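Quick look at query.txt (compact mmCIF, C-alpha atoms):
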```
# COMPACT_ATOMS: atom_id res chain seq x y z
CA MET A 1 231.91 100.14 171.70
CA GLU A 2 228.66 98.38 172.56
CA ARG A 3 227.14 96.02 169.99
CA GLU A 4 223.61 94.76 169.32
CA VAL A 5 223.49 91.00 168.84
CA VAL A 6 220.56 89.15 167.32
CA VAL A 7 220.16 85.57 168.45
CA SER A 8 217.46 82.90 168.38
CA GLU A 9 216.19 81.16 171.52
CA ASP A 10 218.39 78.09 171.03
CA ALA A 11 221.44 80.18 170.30
CA ALA A 12 220.70 82.34 173.31
CA ALA A 13 220.62 79.29 175.57
CA ALA A 14 223.85 77.90 174.10
CA SER A 15 225.76 81.13 174.39
CA SER A 16 224.51 82.19 177.81
CA SER A 17 227.87 81.44 179.43
CA ALA A 18 229.77 83.33 176.75
CA ALA A 19 227.40 86.27 177.01
CA SER A 20 228.02 86.63 180.73
CA SER A 21 231.64 87.47 180.07
CA SER A 22 230.86 90.05 177.39
CA SER A 23 229.18 93.41 177.53
CA PHE A 24 226.08 93.71 175.36
CA ALA A 25 223.74 96.69 175.23
CA GLU A 26 220.72 94.60 174.30
CA THR A 27 219.87 90.99 173.36
CA ARG A 28 216.88 90.59 171.07
CA VAL A 29 215.23 87.27 170.34
CA ILE A 30 214.11 86.09 166.90
CA CYS A 31 210.52 84.84 166.51
CA ARG A 32 210.42 81.10 167.14
CA VAL A 33 207.81 80.53 164.40
CA CYS A 34 208.84 82.53 161.33
CA GLN A 35 212.53 82.98 162.27
CA LYS A 36 212.47 86.35 160.46
CA GLN A 37 211.19 89.08 162.76
CA PHE A 38 212.12 90.12 166.28
CA ALA A 39 209.93 88.49 168.93
CA GLN A 40 207.85 91.02 170.87
CA TYR A 41 205.45 88.74 172.73
CA THR A 42 205.50 85.64 174.88
CA CYS A 43 202.89 82.87 174.89
CA PRO A 44 201.31 82.82 178.38
CA ARG A 45 201.21 79.01 178.39
CA CYS A 46 204.42 77.65 176.86
CA ASN A 47 206.55 80.85 177.03
CA ALA A 48 207.34 80.63 173.31
CA ARG A 49 208.45 83.94 171.82
CA TYR A 50 206.57 85.21 168.73
CA CYS A 51 206.27 88.41 166.71
CA SER A 52 202.66 88.68 165.53
CA LEU A 53 199.13 87.28 165.71
CA PRO A 54 199.61 84.87 162.73
CA CYS A 55 202.70 83.44 164.40
CA TYR A 56 200.83 83.07 167.69
CA LYS A 57 198.08 81.14 165.91
CA GLY A 58 200.62 78.93 164.17
CA HIS A 59 203.09 78.28 166.96
CA SER A 60 201.01 75.46 168.44
CA VAL A 61 197.34 74.68 167.91
CA GLN A 62 197.37 72.31 170.88
CA CYS A 63 198.84 74.99 173.10
CA THR A 64 196.14 77.52 172.09
CA GLU A 65 193.27 75.07 172.54
CA SER A 66 194.53 73.79 175.88
CA PHE A 67 195.01 77.37 177.13
CA MET A 68 191.39 78.21 176.26
CA ARG A 69 190.22 74.91 177.78
CA GLU A 70 191.99 75.70 181.06
CA ASN A 71 190.29 79.11 181.18
CA VAL A 72 186.89 77.39 180.86
CA VAL A 73 187.79 74.84 183.55
CA ASP A 74 188.96 77.60 185.91
CA GLU A 75 185.70 79.46 185.35
CA LEU A 76 183.68 76.33 186.08
CA LYS A 77 185.64 75.66 189.27
CA GLN A 78 184.68 79.10 190.55
CA MET A 79 180.98 78.26 190.17
CA GLN A 80 180.27 76.64 193.52
CA PRO A 81 176.67 75.80 194.49
CA GLU A 82 176.57 78.28 197.35
CA ASP A 83 178.86 81.02 196.06
CA GLU A 84 178.08 84.70 196.57
CA SER A 85 176.96 85.29 192.97
CA LYS A 86 174.31 82.57 193.23
CA LYS A 87 173.02 83.96 196.52
CA LYS A 88 172.86 87.43 194.98
CA MET A 89 170.99 86.09 191.96
CA LEU A 90 168.46 84.36 194.24
CA ASP A 91 167.91 87.67 196.06
CA ILE A 92 167.27 89.38 192.72
CA LEU A 93 164.74 86.68 191.78
CA LYS A 94 162.94 86.96 195.11
CA ARG A 95 162.65 90.75 194.87
CA PHE A 96 161.47 90.56 191.27
CA HIS A 97 158.78 87.94 191.96
CA LEU A 98 157.54 89.82 195.03
CA ASP A 99 157.17 93.02 192.99
CA GLU A 100 155.47 91.02 190.23
CA GLU A 101 152.93 89.59 192.69
CA GLU A 102 152.17 93.06 194.07
CA MET A 103 151.56 94.40 190.57
CA GLU A 104 149.28 91.45 189.76
CA SER A 105 147.25 91.98 192.93
CA GLU A 106 146.86 95.69 192.18
CA GLY A 107 145.47 94.99 188.72
CA GLU A 108 143.05 92.20 189.53
CA ASP A 109 139.94 94.29 190.13
CA GLU A 110 140.15 96.77 187.23
CA SER A 111 140.84 96.80 183.51
CA ILE A 112 144.46 97.41 182.64
CA LEU A 113 144.00 99.84 179.74
CA SER A 114 141.01 102.00 178.86
CA GLU A 115 139.48 101.87 175.38
CA GLU A 116 140.09 105.58 174.90
CA LEU A 117 143.81 105.24 175.60
CA ILE A 118 144.09 102.27 173.22
CA GLN A 119 142.57 104.38 170.44
CA LYS A 120 145.10 107.16 171.10
CA VAL A 121 148.00 104.73 170.88
CA MET A 122 146.67 103.01 167.76
CA SER A 123 146.04 106.33 165.95
CA GLY A 124 149.69 107.29 166.37
CA ASP A 125 149.02 110.46 168.35
CA GLU A 126 151.85 111.63 170.58
CA ILE A 127 150.96 110.99 174.21
CA LYS A 128 152.77 112.47 177.20
CA LEU A 129 152.30 111.45 180.80
CA GLU A 130 151.33 114.98 181.81
CA ASP A 131 148.41 114.82 179.35
CA LEU A 132 146.89 111.82 181.14
CA SER A 133 144.84 111.63 184.29
CA ASP A 134 146.16 109.84 187.36
CA ASP A 135 143.99 106.83 186.60
CA GLU A 136 145.19 106.69 182.99
CA ILE A 137 148.84 106.94 184.08
CA LYS A 138 148.31 104.04 186.48
CA ARG A 139 146.64 101.92 183.80
CA PHE A 140 149.29 102.83 181.22
CA ARG A 141 152.09 101.67 183.53
CA GLN A 142 150.20 98.47 184.25
CA ALA A 143 149.87 97.88 180.50
CA LEU A 144 153.63 98.34 180.09
CA ALA A 145 154.37 95.94 182.92
CA SER A 146 151.94 93.28 181.67
CA GLY A 147 153.17 93.48 178.07
CA GLU A 148 149.80 94.52 176.63
CA LEU A 149 151.32 97.43 174.71
CA SER A 150 154.16 95.31 173.35
CA ARG A 151 151.65 93.12 171.49
CA MET A 152 150.71 96.16 169.38
CA ILE A 153 154.28 96.47 168.07
CA GLU A 154 155.61 94.30 165.27
CA PRO A 155 158.34 92.09 166.76
CA TRP A 156 161.92 92.89 165.72
CA THR A 157 164.29 90.15 164.62
CA PRO A 158 167.86 90.86 165.82
CA TRP A 159 170.43 90.88 163.04
CA TRP A 160 172.56 88.30 164.88
CA LYS A 161 169.69 85.81 164.58
CA LYS A 162 169.57 86.05 160.77
CA PRO A 163 171.30 83.51 158.49
CA SER A 164 173.19 86.32 156.73
CA ALA A 165 175.02 87.08 159.99
CA ARG A 166 176.95 83.82 159.63
CA SER A 167 178.79 85.08 156.57
CA ILE A 168 180.05 88.48 157.74
CA SER A 169 183.42 89.26 156.18
CA LEU A 170 185.92 92.02 156.93
CA SER A 171 189.33 92.80 155.49
CA PRO A 172 192.47 91.63 157.36
CA ASP A 173 192.86 95.11 158.86
CA GLY A 174 189.30 94.98 160.24
CA SER A 175 187.70 97.46 157.82
CA GLN A 176 184.79 96.89 155.44
CA LEU A 177 185.58 94.91 152.30
CA ILE A 178 183.21 96.97 150.14
CA ARG A 179 181.63 100.30 150.89
CA ASN A 180 178.67 101.35 148.76
CA VAL A 181 178.00 105.06 148.47
CA SER A 182 174.22 105.24 148.40
CA VAL A 183 171.20 106.72 150.08
CA GLU A 184 171.75 104.36 153.01
CA ASP A 185 175.01 106.15 153.85
CA THR A 186 173.07 109.40 154.16
CA ALA A 187 170.62 107.67 156.47
CA MET A 188 173.50 106.38 158.61
CA SER A 189 175.02 109.86 158.92
CA ASP A 190 171.68 111.41 159.83
CA PRO A 191 170.02 109.35 162.60
CA MET A 192 166.67 111.10 162.13
CA ALA A 193 166.44 110.48 158.35
CA ASP A 194 164.56 107.33 157.29
CA PRO A 195 165.68 105.21 160.25
CA GLU A 196 163.68 102.14 159.19
CA SER A 197 165.95 101.57 156.16
CA SER A 198 168.75 100.26 158.35
CA ILE A 199 166.90 98.82 161.34
CA SER A 200 166.95 95.24 160.07
CA ASP A 201 170.31 95.39 158.26
CA ILE A 202 173.50 93.88 159.61
CA PRO A 203 175.57 96.80 160.94
CA ALA A 204 178.58 97.80 158.88
CA GLY A 205 182.11 97.27 160.10
CA PRO A 206 184.78 99.96 160.56
CA GLU A 207 185.21 102.37 157.65
CA SER A 208 188.97 102.66 158.26
CA PRO A 209 191.59 100.06 159.26
CA LEU A 210 191.78 99.24 162.97
CA PRO A 211 195.13 100.03 164.59
CA SER A 212 197.03 97.42 166.55
CA LEU A 213 196.91 97.50 170.33
CA LYS A 214 200.60 98.44 170.36
CA GLN A 215 199.65 101.75 168.76
CA LEU A 216 196.99 102.43 171.40
CA THR A 217 198.85 101.49 174.57
CA ARG A 218 202.26 100.36 175.75
CA ALA A 219 200.81 98.26 178.54
CA GLU A 220 199.76 94.64 178.08
CA PRO A 221 195.97 94.22 177.61
CA SER A 222 194.13 93.14 180.74
CA PRO A 223 193.27 89.41 180.92
CA LEU A 224 189.80 90.50 182.09
CA LEU A 225 188.85 92.09 178.76
CA ALA A 226 186.91 88.98 177.69
CA ILE A 227 184.76 89.30 180.82
CA HIS A 228 184.24 93.02 180.21
CA LEU A 229 183.17 92.17 176.65
CA VAL A 230 180.30 90.08 178.08
CA ASP A 231 179.09 93.11 180.05
CA ILE A 232 179.25 95.35 176.95
CA LEU A 233 177.45 92.84 174.72
CA TYR A 234 174.68 92.47 177.31
CA SER A 235 174.18 96.25 177.34
CA TYR A 236 174.18 96.38 173.52
CA CYS A 237 171.58 93.61 173.19
CA PHE A 238 169.48 95.06 176.00
CA THR A 239 169.35 98.50 174.36
CA LEU A 240 168.48 97.19 170.90
CA ARG A 241 165.79 94.88 172.32
CA LEU A 242 164.35 97.70 174.43
CA TYR A 243 164.08 100.01 171.41
CA ASN A 244 162.87 97.19 169.14
CA GLY A 245 165.97 97.68 166.98
CA ASP A 246 165.28 101.38 166.37
CA TRP A 247 167.63 103.23 168.72
CA ARG A 248 167.75 106.12 166.22
CA SER A 249 164.28 107.18 167.37
CA ASP A 250 165.88 108.39 170.63
CA PRO A 251 169.69 108.27 170.41
CA PHE A 252 170.36 110.13 173.65
CA GLY A 253 167.85 108.03 175.58
CA ALA A 254 169.30 104.83 174.11
CA SER A 255 172.86 105.83 175.00
CA THR A 256 171.76 106.69 178.54
CA VAL A 257 170.09 103.29 178.89
CA ALA A 258 173.21 101.56 177.58
CA LEU A 259 175.47 103.21 180.16
CA SER A 260 173.06 102.45 182.99
CA VAL A 261 173.04 98.74 182.14
CA SER A 262 176.77 98.35 181.43
CA LYS A 263 178.71 98.71 184.67
CA VAL A 264 181.98 98.54 182.74
CA MET A 265 181.16 101.60 180.63
CA GLY A 266 178.84 103.47 182.97
CA GLU A 267 180.57 102.99 186.32
CA ASP A 268 184.09 101.92 185.27
CA ALA A 269 183.57 98.59 187.02
CA LYS A 270 186.06 95.75 186.53
CA PRO A 271 184.28 92.41 187.07
CA GLU A 272 186.64 89.47 187.43
CA THR A 273 184.31 86.61 186.41
CA VAL A 274 181.55 86.14 183.86
CA SER A 275 179.16 85.39 186.71
CA GLU A 276 179.95 88.70 188.40
CA ALA A 277 179.48 90.64 185.15
CA LEU A 278 176.12 89.02 184.35
CA THR A 279 174.83 89.34 187.91
CA ALA A 280 175.35 93.13 187.88
CA CYS A 281 173.61 93.46 184.49
CA ILE A 282 170.68 91.22 185.47
CA GLU A 283 170.21 93.10 188.73
CA GLU A 284 169.80 96.31 186.72
CA THR A 285 167.37 94.57 184.33
CA CYS A 286 165.17 93.48 187.26
CA SER A 287 165.28 96.92 188.90
CA PRO A 288 162.11 99.07 189.02
CA ALA A 289 163.39 101.19 186.11
CA TYR A 290 163.43 98.26 183.66
CA ARG A 291 161.13 95.69 185.25
CA HIS A 292 158.54 96.32 182.52
CA THR A 293 160.89 94.83 179.90
CA GLY A 294 160.27 91.31 181.18
CA GLY A 295 162.49 90.99 184.22
CA PHE A 296 164.48 87.85 184.81
CA ARG A 297 163.20 85.88 181.79
CA PHE A 298 164.11 88.80 179.53
CA ALA A 299 167.59 88.81 181.09
CA VAL A 300 168.05 85.10 180.34
CA GLY A 301 167.08 85.82 176.72
CA LEU A 302 169.78 88.51 176.57
CA VAL A 303 172.36 86.00 177.79
CA ASP A 304 171.31 83.80 174.86
CA ASP A 305 171.88 86.81 172.55
CA ILE A 306 175.44 87.10 173.89
CA ILE A 307 176.05 83.43 173.13
CA SER A 308 174.74 83.91 169.58
CA LEU A 309 177.10 86.83 168.96
CA LEU A 310 180.11 84.96 170.36
CA ILE A 311 179.39 81.90 168.21
CA LEU A 312 179.28 84.11 165.09
CA GLY A 313 182.91 85.00 165.72
CA GLY A 314 185.23 87.99 165.63
CA ASN A 315 183.84 89.74 162.54
CA ALA A 316 180.30 89.81 163.95
CA LEU A 317 181.62 91.08 167.28
CA VAL A 318 183.53 93.87 165.54
CA CYS A 319 180.36 94.89 163.65
CA ALA A 320 178.32 94.84 166.89
CA LEU A 321 180.86 97.03 168.69
CA CYS A 322 180.97 99.45 165.73
CA ASP A 323 177.18 99.70 165.83
CA PHE A 324 177.38 100.36 169.56
CA ARG A 325 179.91 103.17 168.90
CA ARG A 326 177.54 104.72 166.36
CA LEU A 327 174.82 104.69 169.01
CA ILE A 328 177.10 106.47 171.50
CA HIS A 329 178.35 108.94 168.86
CA THR A 330 174.81 109.88 167.90
CA GLY A 331 173.90 110.22 171.57
CA VAL A 332 176.70 112.76 172.02
CA LYS A 333 175.45 114.77 169.03
CA MET A 334 171.86 114.74 170.25
CA LEU A 335 172.97 115.80 173.72
CA LYS A 336 173.10 119.39 172.52
CA ALA A 337 169.34 119.37 171.91
CA GLU A 338 168.54 118.07 175.41
CA LYS A 339 167.40 120.52 178.08
CA LEU A 340 170.11 119.91 180.65
CA GLY A 341 172.02 122.09 183.06
CA LYS A 342 175.62 122.98 182.30
CA THR A 343 177.03 120.64 184.95
CA GLU A 344 174.81 117.71 183.99
CA ARG A 345 175.54 118.23 180.28
CA ALA A 346 179.30 118.21 180.93
CA ARG A 347 179.01 115.06 183.07
CA SER A 348 176.94 113.24 180.43
CA THR A 349 179.34 114.27 177.66
CA GLN A 350 182.31 113.01 179.64
CA LYS A 351 180.66 109.64 180.35
CA LEU A 352 179.60 109.13 176.74
CA ARG A 353 183.02 110.00 175.35
CA GLY A 354 184.66 107.73 177.89
CA ALA A 355 182.36 104.91 176.77
CA ASP A 356 183.26 105.62 173.15
CA ARG A 357 186.98 105.26 173.90
CA LYS A 358 186.40 101.97 175.72
CA LEU A 359 184.35 100.63 172.81
CA TYR A 360 187.06 101.58 170.32
CA PHE A 361 189.77 99.87 172.37
CA MET A 362 187.56 96.80 172.80
CA THR A 363 186.93 96.69 169.03
CA CYS A 364 190.68 96.70 168.32
CA TRP A 365 191.26 94.04 170.99
CA VAL A 366 188.53 91.78 169.60
CA HIS A 367 189.98 92.11 166.10
CA GLU A 368 193.38 90.82 167.28
CA GLN A 369 192.07 87.78 169.14
CA PRO A 370 192.27 84.29 167.58
CA ASN A 371 189.00 82.76 166.43
CA GLU A 372 189.44 79.94 168.96
CA ALA A 373 188.78 82.39 171.80
CA TRP A 374 185.09 82.97 171.06
CA PRO A 375 183.69 79.40 171.21
CA SER A 376 185.46 78.95 174.55
CA LEU A 377 183.96 82.14 175.94
CA ALA A 378 180.55 81.15 174.56
CA ARG A 379 180.73 77.87 176.49
CA VAL A 380 181.42 79.73 179.71
CA VAL A 381 178.38 81.96 179.11
CA GLU A 382 176.27 78.90 178.24
CA VAL A 383 177.09 77.38 181.61
CA GLN A 384 175.99 80.61 183.29
CA LYS A 385 172.75 80.58 181.30
CA ALA A 386 172.00 77.02 182.40
CA SER A 387 172.60 78.04 186.01
CA LEU A 388 170.25 81.03 185.63
CA GLU A 389 167.50 78.87 184.13
CA GLU A 390 167.85 76.41 186.99
CA LEU A 391 167.54 79.21 189.54
CA ASP A 392 164.49 80.62 187.74
CA LYS A 393 162.82 77.20 187.64
CA GLY A 394 163.38 76.68 191.35
CA SER A 395 162.06 80.17 192.11
CA GLN A 396 158.92 79.55 190.05
CA LEU A 397 158.26 76.29 191.91
CA GLN A 398 158.59 78.07 195.25
CA ARG A 399 156.26 80.82 194.04
CA ALA A 400 153.66 78.27 192.87
CA GLY A 401 153.92 76.54 196.25
CA ARG A 402 153.27 79.79 198.10
CA LYS A 403 150.20 80.51 195.95
CA LYS A 404 148.85 77.02 196.53
CA ASP A 405 149.31 77.36 200.29
CA ALA A 406 147.58 80.74 200.25
CA GLN A 407 144.60 79.37 198.33
CA SER A 408 144.26 76.37 200.64
CA LYS A 409 143.95 78.52 203.76
CA VAL A 410 140.43 78.81 205.20
CA PHE A 411 139.75 82.36 206.36
CA ILE A 412 136.18 81.76 207.60
CA GLU A 413 135.35 78.39 209.06
CA GLU A 414 131.68 77.42 209.06
CA ILE A 415 130.52 75.92 212.34
```
Show how you would write the structure in this file as structure tokens.
Amino acid sequence: MEREVVVSEDAAAASSSAASSSSFAETRVICRVCQKQFAQYTCPRCNARYCSLPCYKGHSVQCTESFMRENVVDELKQMQPEDESKKKMLDILKRFHLDEEEMESEGEDESILSEELIQKVMSGDEIKLEDLSDDEIKRFRQALASGELSRMIEPWTPWWKKPSARSISLSPDGSQLIRNVSVEDTAMSDPMADPESSISDIPAGPESPLPSLKQLTRAEPSPLLAIHLVDILYSYCFTLRLYNGDWRSDPFGASTVALSVSKVMGEDAKPETVSEALTACIEETCSPAYRHTGGFRFAVGLVDDIISLLILGGNALVCALCDFRRLIHTGVKMLKAEKLGKTERARSTQKLRGADRKLYFMTCWVHEQPNEAWPSLARVVEVQKASLEELDKGSQLQRAGRKKDAQSKVFIEEI
């Protein structure tokens, strides 16, 4: 009759010769840290067997820190001066600055926004493009691109920039510590009811405990999930910045914007480096559809938002991902009110629900990661931000040089 034998790692090594002569159905290893539970995981660095996240954190602090440090070093080694991502980023900058110069030259000889249109905007009347003349549409778009309209809106302070964001606390299972049943809960359930009450608040965490990854999938989590998280956070920050914190004013539009910016959620892309993930997002930000948001400088600011969220740690990231899920959920509900064809409605529903599943899995994955992971990832993103700022500075110098050369040319020479 076959037996099940429980041994520790040392005992397994000592009895390997004896085990070869016996027939065992299964050999299970005891956790090297607590020596109580069966080991289900293996440390990717030192191959130590452990049973749970607390044991992983406690098996060796030096091992964990050195593993994260090696990931940062590997990322830095991939950042060569003339790599493909840098060339692609330079192309994005060139296209953006050329379009910017064309828009500036078009608006030099005429006022950007008429007085009548300003009065309409300031009075709060609803304005549609079809209600405007061709000249007013042109001026309105120029005002968007130049930022004139944005100065009429009170600036929004992101919740991750507030001091209260540094003290976010969740229970060990990832759910909210305290849940108040109040009018705010009604506002959260109904996106169209009093949206301003929760615009500036820190988003709430999960209402129910987060399951472990073992309950969601049998496969090992991809090592690229940290990179995909950067893509998702960029899309989240972009959408909230674009809507000035009030995505509830247009949930379906906000969810559509979010999927168009995030290649991981919208196109099922799988970037392999932080540079690749950011390049795809920044290219979309500088595209004609979103150029009016601020282009490349706005994109660099979003990278800084990602760094801020990562520095805040796992609890803040869980809250951000939960807020992102609420945005997608509300977008699915509001999809029924949109005038779409049957095929397009089905396609949009499928994409939004797929994004919701990815966000839920990412939330559970983030919750299980050790706190040491986020400062390391933040440093990698900081290096990318410094590289982007250097590229932008060089591009601005080249642009200033071209303008100076153009002004110095003599078109009519007096004889």
Next item on the list: Measuring atom to atom with all atoms listed in the file, identify which of A:Arg325, A:Arg357, A:Arg141, A:His367 is nearest to Tyr290 of chain A.
Entry: A:Arg141
Check: What does the distance from atom CA of Leu259 of chain A to atom CA of Gly301 of chain A come to in Å, to one decimal?
Finding: 19.6 Å
Item checked: Contacts of Glu389 of chain A at 9 Å (all atoms listed in the file; same-chain gap of 4+ positions) as an MDAnalysis selection string -> chainID A and resid 297 300 384:385 393:394
Please produce a file of the residues just selected, as an mmCIF file, keeping the file's coordinate frame, where the atoms kept are C-alpha atoms.
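Resulting contents of result.cif:
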```cif
data_model
loop_
_atom_site.group_PDB
_atom_site.id
_atom_site.type_symbol
_atom_site.label_atom_id
_atom_site.label_comp_id
_atom_site.auth_asym_id
_atom_site.auth_seq_id
_atom_site.Cartn_x
_atom_site.Cartn_y
_atom_site.Cartn_z
ATOM 1 C CA ARG A 297 163.200 85.880 181.790
ATOM 2 C CA VAL A 300 168.050 85.100 180.340
ATOM 3 C CA GLN A 384 175.990 80.610 183.290
ATOM 4 C CA LYS A 385 172.750 80.580 181.300
ATOM 5 C CA LYS A 393 162.820 77.200 187.640
ATOM 6 C CA GLY A 394 163.380 76.680 191.350
#
```
Margin query: Between atom CA of Arg166 of chain A and atom CA of Leu321 of chain A, what is the distance in Å, rounded to a tenth?
Written below: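 Atom CA of Arg166 of chain A sits 16.5 Å away from atom CA of Leu321 of chain A.
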Next item on the list: Counting only C-alpha atoms, figure out which residue out of A:Ala373, A:Ala299, A:Val257, A:Leu240 gets nearest to Cys286 of chain A.
Entry: A:Ala299
Neighbourhood query: residues within 10 Å of (173.0, 101.2, 171.9), file coordinates, counting all atoms listed in the file; return as a PDB file with C-alpha atoms, in the coordinates of the input.
```pdb
ATOM      1  CA  ILE A 232     179.250  95.350 176.950  1.00  0.00           C
ATOM      2  CA  LEU A 233     177.450  92.840 174.720  1.00  0.00           C
ATOM      3  CA  SER A 235     174.180  96.250 177.340  1.00  0.00           C
ATOM      4  CA  TYR A 236     174.180  96.380 173.520  1.00  0.00           C
ATOM      5  CA  CYS A 237     171.580  93.610 173.190  1.00  0.00           C
ATOM      6  CA  PHE A 238     169.480  95.060 176.000  1.00  0.00           C
ATOM      7  CA  THR A 239     169.350  98.500 174.360  1.00  0.00           C
ATOM      8  CA  LEU A 240     168.480  97.190 170.900  1.00  0.00           C
ATOM      9  CA  ARG A 241     165.790  94.880 172.320  1.00  0.00           C
ATOM     10  CA  LEU A 242     164.350  97.700 174.430  1.00  0.00           C
ATOM     11  CA  TYR A 243     164.080 100.010 171.410  1.00  0.00           C
ATOM     12  CA  GLY A 245     165.970  97.680 166.980  1.00  0.00           C
ATOM     13  CA  ASP A 246     165.280 101.380 166.370  1.00  0.00           C
ATOM     14  CA  TRP A 247     167.630 103.230 168.720  1.00  0.00           C
ATOM     15  CA  ARG A 248     167.750 106.120 166.220  1.00  0.00           C
ATOM     16  CA  PRO A 251     169.690 108.270 170.410  1.00  0.00           C
ATOM     17  CA  PHE A 252     170.360 110.130 173.650  1.00  0.00           C
ATOM     18  CA  GLY A 253     167.850 108.030 175.580  1.00  0.00           C
ATOM     19  CA  ALA A 254     169.300 104.830 174.110  1.00  0.00           C
ATOM     20  CA  SER A 255     172.860 105.830 175.000  1.00  0.00           C
ATOM     21  CA  THR A 256     171.760 106.690 178.540  1.00  0.00           C
ATOM     22  CA  VAL A 257     170.090 103.290 178.890  1.00  0.00           C
ATOM     23  CA  ALA A 258     173.210 101.560 177.580  1.00  0.00           C
ATOM     24  CA  LEU A 259     175.470 103.210 180.160  1.00  0.00           C
ATOM     25  CA  ALA A 320     178.320  94.840 166.890  1.00  0.00           C
ATOM     26  CA  LEU A 321     180.860  97.030 168.690  1.00  0.00           C
ATOM     27  CA  ASP A 323     177.180  99.700 165.830  1.00  0.00           C
ATOM     28  CA  PHE A 324     177.380 100.360 169.560  1.00  0.00           C
ATOM     29  CA  ARG A 325     179.910 103.170 168.900  1.00  0.00           C
ATOM     30  CA  ARG A 326     177.540 104.720 166.360  1.00  0.00           C
ATOM     31  CA  LEU A 327     174.820 104.690 169.010  1.00  0.00           C
ATOM     32  CA  ILE A 328     177.100 106.470 171.500  1.00  0.00           C
ATOM     33  CA  HIS A 329     178.350 108.940 168.860  1.00  0.00           C
ATOM     34  CA  THR A 330     174.810 109.880 167.900  1.00  0.00           C
ATOM     35  CA  GLY A 331     173.900 110.220 171.570  1.00  0.00           C
TER      36      GLY A 331
END
```
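Rounded to one decimal, atom CA of Asn371 of chain A and atom CA of Leu312 of chain A lie 9.9 Å from each other.
Here the question is which of A:Trp365, A:Met334, A:Cys55, A:Tyr50 gets nearest to Thr217 of chain A using all atoms listed in the file, and that residue is A:Trp365.
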Margin query: Residues within 9 Å of (180.9, 91.9, 177.7), file coordinates, counting all atoms listed in the file: what are they? Give the list as a ChimeraX atom specification.
Written below: /A:225-235,262,264,274,277-278,306
Those residues with C-alpha atoms, as a PDB file, in the coordinates of the input please?
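Result file part-v3.pdb:
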```
ATOM      1  CA  LEU A 225     188.850  92.090 178.760  1.00  0.00           C
ATOM      2  CA  ALA A 226     186.910  88.980 177.690  1.00  0.00           C
ATOM      3  CA  ILE A 227     184.760  89.300 180.820  1.00  0.00           C
ATOM      4  CA  HIS A 228     184.240  93.020 180.210  1.00  0.00           C
ATOM      5  CA  LEU A 229     183.170  92.170 176.650  1.00  0.00           C
ATOM      6  CA  VAL A 230     180.300  90.080 178.080  1.00  0.00           C
ATOM      7  CA  ASP A 231     179.090  93.110 180.050  1.00  0.00           C
ATOM      8  CA  ILE A 232     179.250  95.350 176.950  1.00  0.00           C
ATOM      9  CA  LEU A 233     177.450  92.840 174.720  1.00  0.00           C
ATOM     10  CA  TYR A 234     174.680  92.470 177.310  1.00  0.00           C
ATOM     11  CA  SER A 235     174.180  96.250 177.340  1.00  0.00           C
ATOM     12  CA  SER A 262     176.770  98.350 181.430  1.00  0.00           C
ATOM     13  CA  VAL A 264     181.980  98.540 182.740  1.00  0.00           C
ATOM     14  CA  VAL A 274     181.550  86.140 183.860  1.00  0.00           C
ATOM     15  CA  ALA A 277     179.480  90.640 185.150  1.00  0.00           C
ATOM     16  CA  LEU A 278     176.120  89.020 184.350  1.00  0.00           C
ATOM     17  CA  ILE A 306     175.440  87.100 173.890  1.00  0.00           C
TER      18      ILE A 306
END
```
Check: Nearest to Asn315 of chain A: which of A:Asp250, A:Glu220, A:Glu368, A:Asp268 is it, counting all atoms listed in the file?
Finding: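 Counting all atoms listed in the file, the residue closest to Asn315 of chain A is A:Glu368.
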Margin query: For Ile307 of chain A, find every residue with an atom within 10 Å (counting only C-alpha atoms), except residues of its own chain fewer than 3 positions away, and show them as an MDAnalysis selection string.
Written below: chainID A and resid 230 233 301:304 310:312 374:375 377:382 385
If I wrap all listed atoms of segment 155-168 of chain A in a box with edges along x, y and z and add 4 Å on each side, what are its centre and edge lengths in Å to one decimal, as lines of an AutoDock Vina configuration file?
```
center_x = 169.2
center_y = 88.2
center_z = 161.7
size_x = 29.7
size_y = 17.4
size_z = 18.2
```
Next item on the list: Find the spatial neighbours of Ser175 of chain A, counting all atoms listed in the file, within a cut-off of 7 Å - ignore same-chain residues fewer than 4 positions away - and output them as a list in words.
Entry: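 The filter keeps Leu170, Ser171, Gly205, Pro206, Glu207, Ser208, Pro209 and Leu210 of chain A.
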Contact residues around Gln35 of chain A with only C-alpha atoms at 10 Å, ignoring same-chain residues under 4 positions, as a CSV table (one decimal) with C-alpha atoms, keeping the file's coordinate frame:
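Contents of the output file out.csv:
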```
chain,number,residue,atom,x,y,z
A,8,SER,CA,217.5,82.9,168.4
A,29,VAL,CA,215.2,87.3,170.3
A,30,ILE,CA,214.1,86.1,166.9
A,31,CYS,CA,210.5,84.8,166.5
A,39,ALA,CA,209.9,88.5,168.9
A,50,TYR,CA,206.6,85.2,168.7
A,51,CYS,CA,206.3,88.4,166.7
```
